[in-house]
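**Student:** Take a look at this one; I'll ask things after.
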Amino acid sequence: MTKSNMELSLEQREELLSTLKARFEKNMNRHKDLDWAKVQARLEANTEKLWSLNEMEITGGEPDVVGHDNKTDEYIFYDCSAESPKGRRSICYDREALESRKKHKPENNAIDMATAMGIELLTEEQYCELQKLENFDLKTSSWVQTPVNIRKLGGALFCDYRYDTVFVYHNGADSYYAARGFRGSLRV
């Protein structure tokens, strides 16, 4: 993808910023003590990150600010849709898993999609932190970054939230389900 394909028009930027601001103001429990004006200034200074946030938005992720890294002065966005983003479901874990399927291949995989969007899959730790803000994935599940040793053996990890608990499971990395997608993170 060329850089020009990764730039939003002025109208798209304004619409996205308006959506992000409304979500930020509606969900203050996710980012107590943070100021939207500072977040917006950071976004306007990093327009390539706006493209990634727009990709998160159009695939159903509903990105929102979930924190601020004082060391790097970066704002942290996670997908905050109630369920795993609709535009990122029915995918296996990575390209190797996709290529290993002989029949009924899914259209894509989580790792390649995240890379193309300029974001990263949540880690297990980040997924657990997200669940402390409110409850997500009550009906769906989300692939999370998988340790190399598990992936080498053909597996991959996913999480969901049931019975007031975050569950971490394993599956073959080549598996895919209509109710499993992935959540991403982006630092701006």
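A note on labels: chains of the structure tokens are A, B, ... as shown, every chain counts residues from 1, and ligands are counted from 1 in their shown order.
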Mind checking DSSP for stretch 4-180 of chain A and telling me the strand (DSSP E) residues as number ranges by chain?

**Tutor:** A: 63-69, 74-79, 120-121, 141-144, 155-162, 165-172, 180

**Student:** Residues near stretch 52-63 of chain A, anyone? I mean within 12 Å using only C-alpha atoms, not counting same-chain ones fewer than 6 positions away, as a tab-separated table (two decimals) with N, CA and C atoms, in the first residue's frame.

**Tutor:**
```tsv
chain	number	residue	atom	x	y	z
A	5	ASN	N	-2.28	6.13	-0.31
A	5	ASN	CA	-3.47	5.33	0.01
A	5	ASN	C	-3.75	5.34	1.51
A	6	MET	N	-2.76	5.74	2.30
A	6	MET	CA	-2.88	5.68	3.75
A	6	MET	C	-3.17	7.05	4.35
A	7	GLU	N	-3.60	7.98	3.50
A	7	GLU	CA	-3.93	9.31	3.99
A	7	GLU	C	-5.43	9.53	3.87
A	8	LEU	N	-5.99	10.11	4.89
A	8	LEU	CA	-7.42	10.42	4.88
A	8	LEU	C	-7.63	11.80	4.30
A	9	SER	N	-8.76	11.99	3.64
A	9	SER	CA	-9.13	13.33	3.18
A	9	SER	C	-9.45	14.19	4.40
A	12	GLN	N	-12.71	13.06	5.82
A	12	GLN	CA	-12.59	11.80	6.57
A	12	GLN	C	-11.95	12.04	7.93
A	13	ARG	N	-10.90	12.87	7.97
A	13	ARG	CA	-10.23	13.18	9.24
A	13	ARG	C	-11.19	13.84	10.21
A	14	GLU	N	-11.93	14.84	9.72
A	14	GLU	CA	-12.88	15.55	10.59
A	14	GLU	C	-13.97	14.62	11.11
A	15	GLU	N	-14.48	13.75	10.24
A	15	GLU	CA	-15.51	12.80	10.65
A	15	GLU	C	-14.97	11.82	11.69
A	16	LEU	N	-13.77	11.31	11.47
A	16	LEU	CA	-13.17	10.37	12.41
A	16	LEU	C	-12.91	11.05	13.75
A	17	LEU	N	-12.33	12.25	13.73
A	17	LEU	CA	-12.06	12.96	14.98
A	17	LEU	C	-13.35	13.24	15.74
A	18	SER	N	-14.40	13.56	15.03
A	18	SER	CA	-15.71	13.80	15.67
A	18	SER	C	-16.21	12.51	16.34
A	19	THR	N	-16.08	11.39	15.64
A	19	THR	CA	-16.51	10.09	16.18
A	19	THR	C	-15.68	9.73	17.41
A	20	LEU	N	-14.37	9.90	17.31
A	20	LEU	CA	-13.48	9.56	18.43
A	20	LEU	C	-13.75	10.45	19.64
A	21	LYS	N	-13.99	11.74	19.39
A	21	LYS	CA	-14.28	12.67	20.49
A	21	LYS	C	-15.58	12.28	21.19
A	22	ALA	N	-16.62	11.98	20.42
A	22	ALA	CA	-17.91	11.60	21.01
A	22	ALA	C	-17.76	10.32	21.84
A	23	ARG	N	-17.00	9.35	21.33
A	23	ARG	CA	-16.78	8.10	22.07
A	23	ARG	C	-15.98	8.37	23.34
A	24	PHE	N	-14.97	9.22	23.24
A	24	PHE	CA	-14.13	9.58	24.37
A	24	PHE	C	-14.99	10.20	25.48
A	27	ASN	N	-17.44	7.72	27.23
A	27	ASN	CA	-16.84	6.61	27.99
A	27	ASN	C	-15.67	7.07	28.85
A	30	ARG	N	-13.04	4.91	30.79
A	30	ARG	CA	-11.91	4.25	30.12
A	30	ARG	C	-10.62	5.07	30.20
A	43	LEU	N	-3.17	13.47	17.78
A	43	LEU	CA	-3.67	12.83	16.56
A	43	LEU	C	-3.42	13.71	15.34
A	46	ASN	N	0.00	13.47	14.09
A	46	ASN	CA	0.39	12.14	13.62
A	46	ASN	C	-0.70	11.59	12.70
A	75	TYR	N	-0.57	8.26	23.69
A	75	TYR	CA	-1.91	7.83	24.07
A	75	TYR	C	-2.10	6.43	23.51
A	76	ILE	N	-2.79	5.59	24.26
A	76	ILE	CA	-2.98	4.19	23.89
A	76	ILE	C	-4.44	3.97	23.54
A	77	PHE	N	-4.67	3.48	22.34
A	77	PHE	CA	-6.02	3.15	21.86
A	77	PHE	C	-6.16	1.63	21.78
A	78	TYR	N	-7.31	1.12	22.17
A	78	TYR	CA	-7.69	-0.29	21.99
A	78	TYR	C	-9.04	-0.31	21.29
A	79	ASP	N	-9.32	-1.42	20.62
A	79	ASP	CA	-10.66	-1.65	20.11
A	79	ASP	C	-11.58	-1.85	21.31
A	80	CYS	N	-12.65	-1.07	21.38
A	80	CYS	CA	-13.57	-1.14	22.52
A	80	CYS	C	-14.98	-1.52	22.11
A	81	SER	N	-15.13	-2.16	20.96
A	81	SER	CA	-16.46	-2.66	20.57
A	81	SER	C	-16.90	-3.72	21.58
A	82	ALA	N	-18.18	-3.80	21.83
A	82	ALA	CA	-18.70	-4.74	22.83
A	82	ALA	C	-18.26	-6.18	22.51
A	83	GLU	N	-18.30	-6.55	21.24
A	83	GLU	CA	-17.89	-7.88	20.80
A	83	GLU	C	-16.70	-7.73	19.85
A	84	SER	N	-16.03	-8.81	19.58
A	84	SER	CA	-14.88	-8.79	18.67
A	84	SER	C	-15.30	-8.11	17.37
A	85	PRO	N	-14.49	-7.20	16.83
A	85	PRO	CA	-14.90	-6.41	15.67
A	85	PRO	C	-15.43	-7.26	14.50
A	86	LYS	N	-16.62	-6.91	14.03
A	86	LYS	CA	-17.31	-7.69	12.99
A	86	LYS	C	-16.50	-7.82	11.71
A	87	GLY	N	-15.81	-6.78	11.33
A	87	GLY	CA	-15.04	-6.80	10.08
A	87	GLY	C	-13.74	-7.56	10.18
A	88	ARG	N	-13.49	-8.20	11.31
A	88	ARG	CA	-12.25	-8.95	11.51
A	88	ARG	C	-12.49	-10.34	12.05
A	89	ARG	N	-13.64	-10.91	11.76
A	89	ARG	CA	-13.97	-12.25	12.25
A	89	ARG	C	-13.80	-13.29	11.15
A	113	MET	N	-3.76	-8.89	8.84
A	113	MET	CA	-4.74	-7.80	8.89
A	113	MET	C	-4.26	-6.69	9.81
A	114	ALA	N	-3.78	-7.06	10.99
A	114	ALA	CA	-3.30	-6.05	11.95
A	114	ALA	C	-2.13	-5.27	11.36
A	115	THR	N	-1.20	-5.98	10.74
A	115	THR	CA	-0.03	-5.32	10.14
A	115	THR	C	-0.46	-4.34	9.05
A	116	ALA	N	-1.39	-4.78	8.19
A	116	ALA	CA	-1.88	-3.91	7.12
A	116	ALA	C	-2.58	-2.67	7.67
A	117	MET	N	-3.20	-2.81	8.83
A	117	MET	CA	-3.90	-1.69	9.46
A	117	MET	C	-2.96	-0.78	10.26
A	118	GLY	N	-1.73	-1.25	10.49
A	118	GLY	CA	-0.78	-0.46	11.27
A	118	GLY	C	-1.00	-0.58	12.77
A	119	ILE	N	-1.61	-1.69	13.21
A	119	ILE	CA	-1.88	-1.90	14.63
A	119	ILE	C	-1.28	-3.24	15.06
A	120	GLU	N	-1.38	-3.54	16.34
A	120	GLU	CA	-0.91	-4.82	16.87
A	120	GLU	C	-2.06	-5.53	17.57
A	121	LEU	N	-2.05	-6.86	17.52
A	121	LEU	CA	-3.01	-7.63	18.31
A	121	LEU	C	-2.75	-7.34	19.78
A	130	LEU	N	-8.00	-4.46	29.50
A	130	LEU	CA	-9.20	-3.95	28.86
A	130	LEU	C	-10.45	-4.38	29.62
A	136	PHE	N	-16.08	-7.02	27.81
A	136	PHE	CA	-16.10	-7.17	26.35
A	136	PHE	C	-16.10	-8.66	26.01
A	137	ASP	N	-16.50	-8.98	24.80
A	137	ASP	CA	-16.49	-10.36	24.29
A	137	ASP	C	-17.32	-11.30	25.17
A	142	SER	N	-11.52	-13.30	20.93
A	142	SER	CA	-10.53	-12.54	20.17
A	142	SER	C	-9.16	-13.21	20.25
A	181	GLY	N	-12.56	-12.97	16.25
A	181	GLY	CA	-11.79	-12.00	15.48
A	181	GLY	C	-10.55	-11.62	16.25
A	182	PHE	N	-10.21	-10.35	16.23
A	182	PHE	CA	-9.11	-9.87	17.05
A	182	PHE	C	-9.31	-8.42	17.40
A	183	ARG	N	-8.75	-8.04	18.53
A	183	ARG	CA	-8.74	-6.65	18.99
A	183	ARG	C	-7.34	-6.10	18.84
A	184	GLY	N	-7.26	-4.85	18.47
A	184	GLY	CA	-5.95	-4.24	18.24
A	184	GLY	C	-5.64	-3.11	19.20
A	185	SER	N	-4.36	-2.75	19.20
A	185	SER	CA	-3.89	-1.60	19.98
A	185	SER	C	-3.08	-0.70	19.06
A	186	LEU	N	-3.07	0.57	19.40
A	186	LEU	CA	-2.32	1.58	18.65
A	186	LEU	C	-1.83	2.64	19.62
A	187	ARG	N	-0.55	2.99	19.48
A	187	ARG	CA	0.02	4.08	20.29
A	187	ARG	C	0.19	5.31	19.41
A	188	VAL	N	-0.26	6.45	19.94
A	188	VAL	CA	-0.17	7.70	19.19
A	188	VAL	C	0.55	8.73	20.03
```

**Student:** Taking only C-alpha atoms into account, which of A:Leu98, A:Ala45, A:Leu153, A:Val66 comes nearest A:Tyr127?

**Tutor:**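 Counting only C-alpha atoms, the residue closest to A:Tyr127 is A:Val66.
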
**Student:** Skipping near chain neighbours, those fewer than 4 positions away, what residues fall within 8 Å of A:Val166 using only C-alpha atoms, listed as a VMD selection string?

**Tutor:** chain A and resid 128 131 159 to 162
